[in-house]
file upload-v3.cif (mmCIF, C-alpha atoms (C1' of nucleotides))
data_protein
#
loop_
_atom_site.label_atom_id
_atom_site.label_comp_id
_atom_site.auth_asym_id
_atom_site.auth_seq_id
_atom_site.Cartn_x
_atom_site.Cartn_y
_atom_site.Cartn_z
CA MET A 1 86.69 122.81 101.02
CA SER A 2 87.77 126.09 99.45
CA ASP A 3 91.35 125.15 100.22
CA VAL A 4 90.93 121.88 98.37
CA PHE A 5 89.48 123.38 95.21
CA ASP A 6 92.01 126.15 95.42
CA ALA A 7 94.79 123.57 95.48
CA LEU A 8 93.22 121.72 92.56
CA ALA A 9 93.00 124.89 90.51
CA HIS A 10 96.65 124.84 89.45
CA PRO A 11 97.74 122.43 86.71
CA VAL A 12 101.11 121.75 88.30
CA ARG A 13 99.44 120.78 91.55
CA ARG A 14 97.01 118.45 89.79
CA LYS A 15 99.97 116.87 88.03
CA ILE A 16 101.78 116.43 91.33
CA LEU A 17 98.77 114.58 92.70
CA LYS A 18 98.72 112.32 89.66
CA TYR A 19 102.35 111.40 90.23
CA LEU A 20 101.66 110.68 93.89
CA ARG A 21 98.76 108.46 92.96
CA GLU A 22 101.28 105.93 91.66
CA ARG A 23 103.51 105.96 94.70
CA PRO A 24 104.84 108.33 97.37
CA LEU A 25 107.69 110.49 96.10
CA SER A 26 110.22 112.79 97.71
CA ALA A 27 110.20 116.52 97.05
CA GLY A 28 113.29 116.08 94.91
CA GLU A 29 111.83 113.24 92.86
CA LEU A 30 108.78 115.38 92.20
CA ALA A 31 110.89 118.41 91.37
CA GLU A 32 112.78 116.38 88.74
CA ARG A 33 109.53 115.96 86.87
CA PHE A 34 108.93 119.68 86.37
CA ASP A 35 110.84 122.55 84.83
CA LEU A 36 110.33 124.80 87.81
CA ALA A 37 112.71 125.96 90.52
CA LYS A 38 112.62 123.86 93.66
CA PRO A 39 111.37 126.71 95.84
CA THR A 40 108.47 127.12 93.44
CA LEU A 41 107.60 123.46 93.78
CA SER A 42 108.02 123.67 97.52
CA GLY A 43 105.36 126.36 97.51
CA HIS A 44 103.02 124.09 95.58
CA PHE A 45 103.67 121.29 98.08
CA ALA A 46 102.73 123.66 100.87
CA VAL A 47 99.42 124.49 99.21
CA LEU A 48 98.62 120.81 98.77
CA LYS A 49 99.54 120.12 102.35
CA ALA A 50 97.45 123.00 103.66
CA ALA A 51 94.50 121.45 101.82
CA ASP A 52 95.43 118.13 103.38
CA LEU A 53 95.60 116.59 99.92
CA VAL A 54 99.04 115.23 100.76
CA THR A 55 100.77 114.10 103.91
CA THR A 56 104.49 114.16 104.58
CA GLU A 57 107.00 111.98 106.32
CA ARG A 58 110.67 112.68 106.78
CA LYS A 59 112.96 109.88 105.62
CA GLY A 60 116.56 110.77 106.35
CA THR A 61 117.26 113.97 104.46
CA SER A 62 114.29 113.53 102.21
CA ILE A 63 110.68 114.42 102.75
CA ILE A 64 108.25 111.96 101.30
CA TYR A 65 104.95 113.18 99.93
CA ARG A 66 101.98 110.87 99.91
CA LEU A 67 98.54 111.36 98.37
CA ASN A 68 95.67 111.64 100.85
CA MET A 69 92.93 109.92 98.96
CA SER A 70 90.20 110.64 101.50
CA VAL A 71 90.33 114.37 100.85
CA LEU A 72 90.00 113.76 97.13
CA GLU A 73 86.92 111.74 97.94
CA GLU A 74 85.55 114.61 99.98
CA ALA A 75 86.04 116.91 97.01
CA MET A 76 84.04 114.52 94.86
CA ALA A 77 81.32 114.46 97.48
CA ALA A 78 81.25 118.24 97.43
CA LEU A 79 80.76 118.21 93.67
CA MET A 80 78.01 115.66 94.06
CA SER A 81 76.30 117.89 96.58
CA ILE A 82 76.30 120.71 94.04
CA ALA A 83 74.99 118.50 91.27
CA GLY A 84 72.60 116.73 93.63
CA THR A 85 68.95 117.42 94.27
CA GLU A 86 68.74 118.44 97.93
CA ALA A 87 67.72 122.06 98.42
CA PRO A 88 70.41 124.39 99.76
CA GLU A 89 69.51 125.92 103.10
CA PRO A 90 68.55 129.57 102.64
CA GLU A 91 71.20 131.99 103.69
CA SER A 92 71.27 135.73 103.37
CA GLN A 93 74.13 137.00 105.46
CA MET A 94 76.76 134.28 105.48
CA PRO A 95 77.25 134.35 109.24
CA GLU A 96 79.36 131.38 110.18
CA GLY A 97 77.96 127.97 109.30
CA GLN A 98 80.06 125.59 107.25
CA ILE A 99 79.80 127.08 103.80
CA THR A 100 80.64 123.88 102.05
CA MET B 1 89.94 122.67 83.87
CA SER B 2 91.90 125.16 85.97
CA ASP B 3 89.15 127.67 85.35
CA VAL B 4 86.56 125.25 86.67
CA PHE B 5 88.38 124.44 89.90
CA ASP B 6 89.22 128.09 90.29
CA ALA B 7 85.54 128.94 90.04
CA LEU B 8 84.68 126.21 92.54
CA ALA B 9 87.25 127.50 95.01
CA HIS B 10 85.05 130.30 96.31
CA PRO B 11 82.23 129.47 98.75
CA VAL B 12 79.89 132.09 97.33
CA ARG B 13 80.28 130.63 93.85
CA ARG B 14 79.62 127.10 95.09
CA LYS B 15 76.51 128.42 96.81
CA ILE B 16 75.38 130.12 93.61
CA LEU B 17 75.68 126.82 91.78
CA LYS B 18 73.61 125.10 94.44
CA TYR B 19 70.86 127.64 94.01
CA LEU B 20 70.93 127.19 90.26
CA ARG B 21 70.70 123.45 90.64
CA GLU B 22 67.08 123.93 91.76
CA ARG B 23 66.08 126.21 88.93
CA PRO B 24 67.46 128.99 86.73
CA LEU B 25 67.55 132.36 88.47
CA SER B 26 68.12 135.94 87.40
CA ALA B 27 71.14 137.90 88.58
CA GLY B 28 68.87 139.89 90.86
CA GLU B 29 67.21 136.83 92.36
CA LEU B 30 70.63 135.41 93.08
CA ALA B 31 71.88 138.71 94.50
CA GLU B 32 68.94 138.76 96.95
CA ARG B 33 70.27 135.60 98.50
CA PHE B 34 73.61 137.08 99.51
CA ASP B 35 74.75 140.02 101.58
CA LEU B 36 77.13 141.27 98.93
CA ALA B 37 76.95 144.24 96.60
CA LYS B 38 75.59 143.50 93.17
CA PRO B 39 78.84 144.36 91.42
CA THR B 40 80.56 141.80 93.60
CA LEU B 41 78.05 139.13 92.64
CA SER B 42 78.29 140.17 89.02
CA GLY B 43 82.00 139.43 89.23
CA HIS B 44 81.29 135.99 90.63
CA PHE B 45 78.84 135.33 87.81
CA ALA B 46 81.52 136.27 85.31
CA VAL B 47 83.94 133.76 86.84
CA LEU B 48 81.33 131.01 86.68
CA LYS B 49 80.52 131.89 83.11
CA ALA B 50 84.18 131.96 82.08
CA ALA B 51 84.44 128.42 83.46
CA ASP B 52 81.30 127.56 81.51
CA LEU B 53 79.69 126.35 84.72
CA VAL B 54 76.67 128.53 83.94
CA THR B 55 75.01 129.76 80.78
CA THR B 56 73.01 132.95 80.40
CA GLU B 57 69.94 134.04 78.55
CA ARG B 58 68.49 137.51 78.42
CA LYS B 59 64.80 137.68 79.33
CA GLY B 60 63.57 141.24 79.01
CA THR B 61 65.67 143.33 81.35
CA SER B 62 66.78 140.33 83.32
CA ILE B 63 69.60 137.92 82.67
CA ILE B 64 68.83 134.37 83.59
CA TYR B 65 71.61 132.14 84.89
CA ARG B 66 71.37 128.42 84.38
CA LEU B 67 73.60 125.64 85.71
CA ASN B 68 75.66 123.80 83.10
CA MET B 69 75.65 120.32 84.54
CA SER B 70 77.99 118.86 81.93
CA VAL B 71 80.94 120.94 83.11
CA LEU B 72 80.32 119.82 86.67
CA GLU B 73 80.49 116.28 85.36
CA GLU B 74 83.77 117.04 83.64
CA ALA B 75 85.15 118.30 86.93
CA MET B 76 84.17 115.04 88.58
CA ALA B 77 85.85 113.14 85.77
CA ALA B 78 89.00 115.17 86.34
CA LEU B 79 88.96 114.23 90.02
CA MET B 80 88.48 110.61 89.07
CA SER B 81 91.45 110.82 86.76
CA ILE B 82 93.57 112.02 89.66
CA ALA B 83 92.30 109.33 91.99
CA GLY B 84 92.37 106.71 89.24
CA THR B 85 95.02 104.16 88.43
CA GLU B 86 96.25 105.07 84.94
CA ALA B 87 99.84 106.31 84.88
CA PRO B 88 100.32 109.98 84.08
CA GLU B 89 102.34 110.56 80.93
CA PRO B 90 105.82 111.75 81.84
CA GLU B 91 106.33 115.43 81.33
CA SER B 92 109.30 117.55 82.21
CA GLN B 93 108.78 120.88 80.54
CA MET B 94 105.01 121.46 80.35
CA PRO B 95 105.05 122.38 76.67
CA GLU B 96 101.47 122.56 75.49
CA GLY B 97 99.42 119.36 75.78
CA GLN B 98 96.13 119.51 77.65
CA ILE B 99 97.29 119.86 81.22
CA THR B 100 94.10 118.50 82.67
"C1'" DA C 1 61.90 161.46 74.78
"C1'" DA C 2 62.04 160.58 79.51
"C1'" DT C 3 61.90 157.40 83.29
"C1'" DA C 4 62.40 153.08 85.79
"C1'" DT C 5 64.49 148.59 86.48
"C1'" DA C 6 68.17 145.19 85.95
"C1'" DT C 7 72.74 144.36 85.34
"C1'" DT C 8 77.44 145.29 84.24
"C1'" DT C 9 81.63 148.12 83.84
"C1'" DC C 10 84.89 151.32 85.86
"C1'" DG C 11 88.18 152.84 89.23
"C1'" DG C 12 90.23 152.11 93.60
"C1'" DT C 13 92.21 149.54 97.70
"C1'" DA C 14 93.87 145.61 100.23
"C1'" DA C 15 95.24 141.09 100.06
"C1'" DT C 16 96.92 137.04 97.66
"C1'" DT C 17 99.40 134.20 94.10
"C1'" DC C 18 103.24 132.59 91.30
"C1'" DG C 19 107.46 132.76 89.59
"C1'" DC C 20 112.38 133.74 90.74
"C1'" DT C 21 117.24 134.01 93.41
"C1'" DA C 22 119.59 133.96 97.68
"C1'" DA C 23 119.87 132.42 102.18
"C1'" DA C 24 118.59 129.41 106.01
"C1'" DT C 25 117.69 124.84 108.04
"C1'" DA C 26 117.87 119.60 108.65
"C1'" DA C 27 120.05 115.29 108.37
"C1'" DC C 28 123.85 112.82 107.40
"C1'" DA C 29 128.91 111.59 106.37
"C1'" DA C 30 133.82 112.17 106.82
"C1'" DT D 1 133.61 120.37 112.95
"C1'" DT D 2 133.29 120.70 108.11
"C1'" DG D 3 131.10 119.59 104.12
"C1'" DT D 4 127.27 117.68 101.18
"C1'" DT D 5 122.61 116.91 99.93
"C1'" DA D 6 117.66 117.89 100.42
"C1'" DT D 7 114.30 121.04 101.32
"C1'" DT D 8 112.20 125.18 102.95
"C1'" DT D 9 112.00 130.16 104.13
"C1'" DA D 10 112.64 134.99 102.99
"C1'" DG D 11 112.09 138.68 100.06
"C1'" DC D 12 110.88 140.70 95.61
"C1'" DG D 13 108.06 142.05 91.38
"C1'" DA D 14 104.24 141.31 88.38
"C1'" DA D 15 99.76 139.80 88.04
"C1'" DT D 16 95.32 138.63 89.94
"C1'" DT D 17 91.36 138.57 93.21
"C1'" DA D 18 87.67 140.32 96.03
"C1'" DC D 19 85.29 143.74 97.72
"C1'" DC D 20 83.06 148.43 97.33
"C1'" DG D 21 80.44 152.86 95.43
"C1'" DA D 22 79.64 155.43 91.30
"C1'" DA D 23 78.73 155.45 86.66
"C1'" DA D 24 77.42 153.29 82.36
"C1'" DT D 25 74.46 150.24 79.56
"C1'" DA D 26 70.29 147.70 78.06
"C1'" DT D 27 65.50 146.95 77.95
"C1'" DA D 28 60.93 148.14 78.71
"C1'" DT D 29 57.20 151.54 79.83
"C1'" DT D 30 54.79 155.87 79.66
#

call {"tool": "encode", "arguments": {"input": "upload-v3.cif", "output": "structure tokens"}}
result
Amino acid sequence: MSDVFDALAHPVRRKILKYLRERPLSAGELAERFDLAKPTLSGHFAVLKAADLVTTERKGTSIIYRLNMSVLEEAMAALMSIAGTEAPEPESQMPEGQIT
Amino acid sequence: MSDVFDALAHPVRRKILKYLRERPLSAGELAERFDLAKPTLSGHFAVLKAADLVTTERKGTSIIYRLNMSVLEEAMAALMSIAGTEAPEPESQMPEGQIT
DNA sequence: AATATATTTCGGTAATTCGCTAAATAACAA
DNA sequence: TTGTTATTTAGCGAATTACCGAAATATATT
């Protein structure tokens, strides 16, 4: 979940996700929409992909990026679980358990 | 909004918020719940406060941290606006507008 | 004033992030 | 094979993050 919020923490990456919400777009089509060098955008794509917020598919010479809605939903669930009313399990030494 | 997601991107900070959801806690009470040095926790508190996810109130020698639910709600709204169906306004040079 | 408690600030180290340009790779076309 | 287009990888510098121990600050108590 850290990866997801980390990916969401950059405005360019949030904007990328908003574009992908409309329809899948190639790396180049996305790059057209920003005033950043393509390698810079490619790095942002990699962060989004590592968080599983987007999936990719090669189409000829292009790579198509597609929004992964289910991970966005998980992020919302994580926010709900912070705002919610269940007690957090005590924890003093952060050993291993899923630290949502 | 970047500040908020940035703050949410660290597991310790998410855990802090979960503790504060139950009731306001002092810096020391929070620090007891983690195996991290107090200066480290103090840094995490500062990040949460910069994002306005918590508010503080001095009570004698203690500083009481309190969850700011409304900012959590704004974060959820931001996620909704990514998952939603409205078209993002075109933008090619990221000039100034609120880059949610 | 002196002491005790609670918390933050300071200074340092190691690791990471974000932007860039240049170079490498992948798929396709001639 | 050569060339063209699309995209990523490599490498760099500047800035930031996360942790720590030591020192500083703020409040209250004696």

call {"tool": "closest_atom_pairs", "arguments": {"input": "upload-v3.cif", "of": "chain C", "to": "chain A", "cutoff": "8 Å", "atoms": "only C-alpha atoms (C1' of nucleotides)", "output": "tab-separated table"}}
result
residue	atom	partner	partner_atom	distance
C:DC18	C1'	A:Thr40	CA	7.9
C:DG19	C1'	A:Thr40	CA	6.9
C:DC20	C1'	A:Ala37	CA	7.8
C:DA26	C1'	A:Thr61	CA	7.0
C:DA27	C1'	A:Thr61	CA	5.0
C:DC28	C1'	A:Thr61	CA	7.3

call {"tool": "residues_around", "arguments": {"input": "upload-v3.cif", "residues": "range 15-17 of chain C", "least_positions_apart": "2", "cutoff": "10 Å", "atoms": "all atoms listed in the file", "output": "PDB file with C-alpha atoms (C1' of nucleotides), in the coordinates of the input"}}
result
ATOM      1  C1'  DT C  13      92.210 149.540  97.700  1.00  0.00           C
ATOM      2  C1'  DG C  19     107.460 132.760  89.590  1.00  0.00           C
TER       3       DG C  19
ATOM      4  C1'  DA D  15      99.760 139.800  88.040  1.00  0.00           C
ATOM      5  C1'  DT D  16      95.320 138.630  89.940  1.00  0.00           C
ATOM      6  C1'  DT D  17      91.360 138.570  93.210  1.00  0.00           C
ATOM      7  C1'  DA D  18      87.670 140.320  96.030  1.00  0.00           C
TER       8       DA D  18
END

call {"tool": "axis_aligned_box", "arguments": {"input": "upload-v3.cif", "around": "range 6-24 of chain C", "padding_each_side": "6 Å", "output": "AutoDock Vina command-line options"}}
result
--center_x 94.0 --center_y 141.1 --center_z 94.9 --size_x 63.7 --size_y 35.4 --size_z 34.2

call {"tool": "residues_around", "arguments": {"input": "upload-v3.cif", "residues": "DT5 in chain C", "least_positions_apart": "2", "cutoff": "12 Å", "atoms": "all atoms listed in the file", "output": "PDB file with C-alpha atoms (C1' of nucleotides), in the coordinates of the input"}}
result
ATOM      1  CA  GLY B  28      68.870 139.890  90.860  1.00  0.00           C
ATOM      2  CA  GLY B  60      63.570 141.240  79.010  1.00  0.00           C
ATOM      3  CA  THR B  61      65.670 143.330  81.350  1.00  0.00           C
ATOM      4  CA  SER B  62      66.780 140.330  83.320  1.00  0.00           C
TER       5      SER B  62
ATOM      6  C1'  DT C   3      61.900 157.400  83.290  1.00  0.00           C
ATOM      7  C1'  DT C   7      72.740 144.360  85.340  1.00  0.00           C
TER       8       DT C   7
ATOM      9  C1'  DA D  26      70.290 147.700  78.060  1.00  0.00           C
ATOM     10  C1'  DT D  27      65.500 146.950  77.950  1.00  0.00           C
ATOM     11  C1'  DA D  28      60.930 148.140  78.710  1.00  0.00           C
ATOM     12  C1'  DT D  29      57.200 151.540  79.830  1.00  0.00           C
TER      13       DT D  29
END

call {"tool": "resolve_selection", "arguments": {"input": "upload-v3.cif", "expression": "the PyMOL selection byres ((chain B) within 6 of (chain A))", "output": "PyMOL selection string"}}
result
chain B and resi 2+5-6+9-10+18+33-35+82+92-93

call {"tool": "residues_around", "arguments": {"input": "upload-v3.cif", "residues": "Leu25 in chain A", "least_positions_apart": "4", "cutoff": "9 Å", "atoms": "only C-alpha atoms (C1' of nucleotides)", "output": "ChimeraX atom specification"}}
result
/A:19-20,29-30,63-66

call {"tool": "atom_distance", "arguments": {"input": "upload-v3.cif", "atom1": "C1' of DA4 in chain C", "atom2": "C1' of DC20 in chain D"}}
result
24.1 Å

call {"tool": "resolve_selection", "arguments": {"input": "upload-v3.cif", "expression": "the PyMOL selection byres ((chain C and resi 25) around 10)", "output": "list of chain:residue names"}}
result
C:DA23, C:DA24, C:DA26, C:DA27, D:DT7, D:DT8, D:DT9

call {"tool": "atom_distance", "arguments": {"input": "upload-v3.cif", "atom1": "C1' of DA22 in chain C", "atom2": "CA of Val47 in chain A"}}
result
22.3 Å

call {"tool": "atom_distance", "arguments": {"input": "upload-v3.cif", "atom1": "CA of Lys38 in chain A", "atom2": "CA of Leu53 in chain A"}}
result
19.5 Å

call {"tool": "resolve_selection", "arguments": {"input": "upload-v3.cif", "expression": "the PyMOL selection byres ((chain D and resi 23) around 12)", "output": "PyMOL selection string"}}
result
(chain C and resi 8-11) or (chain D and resi 21-22+24-25)
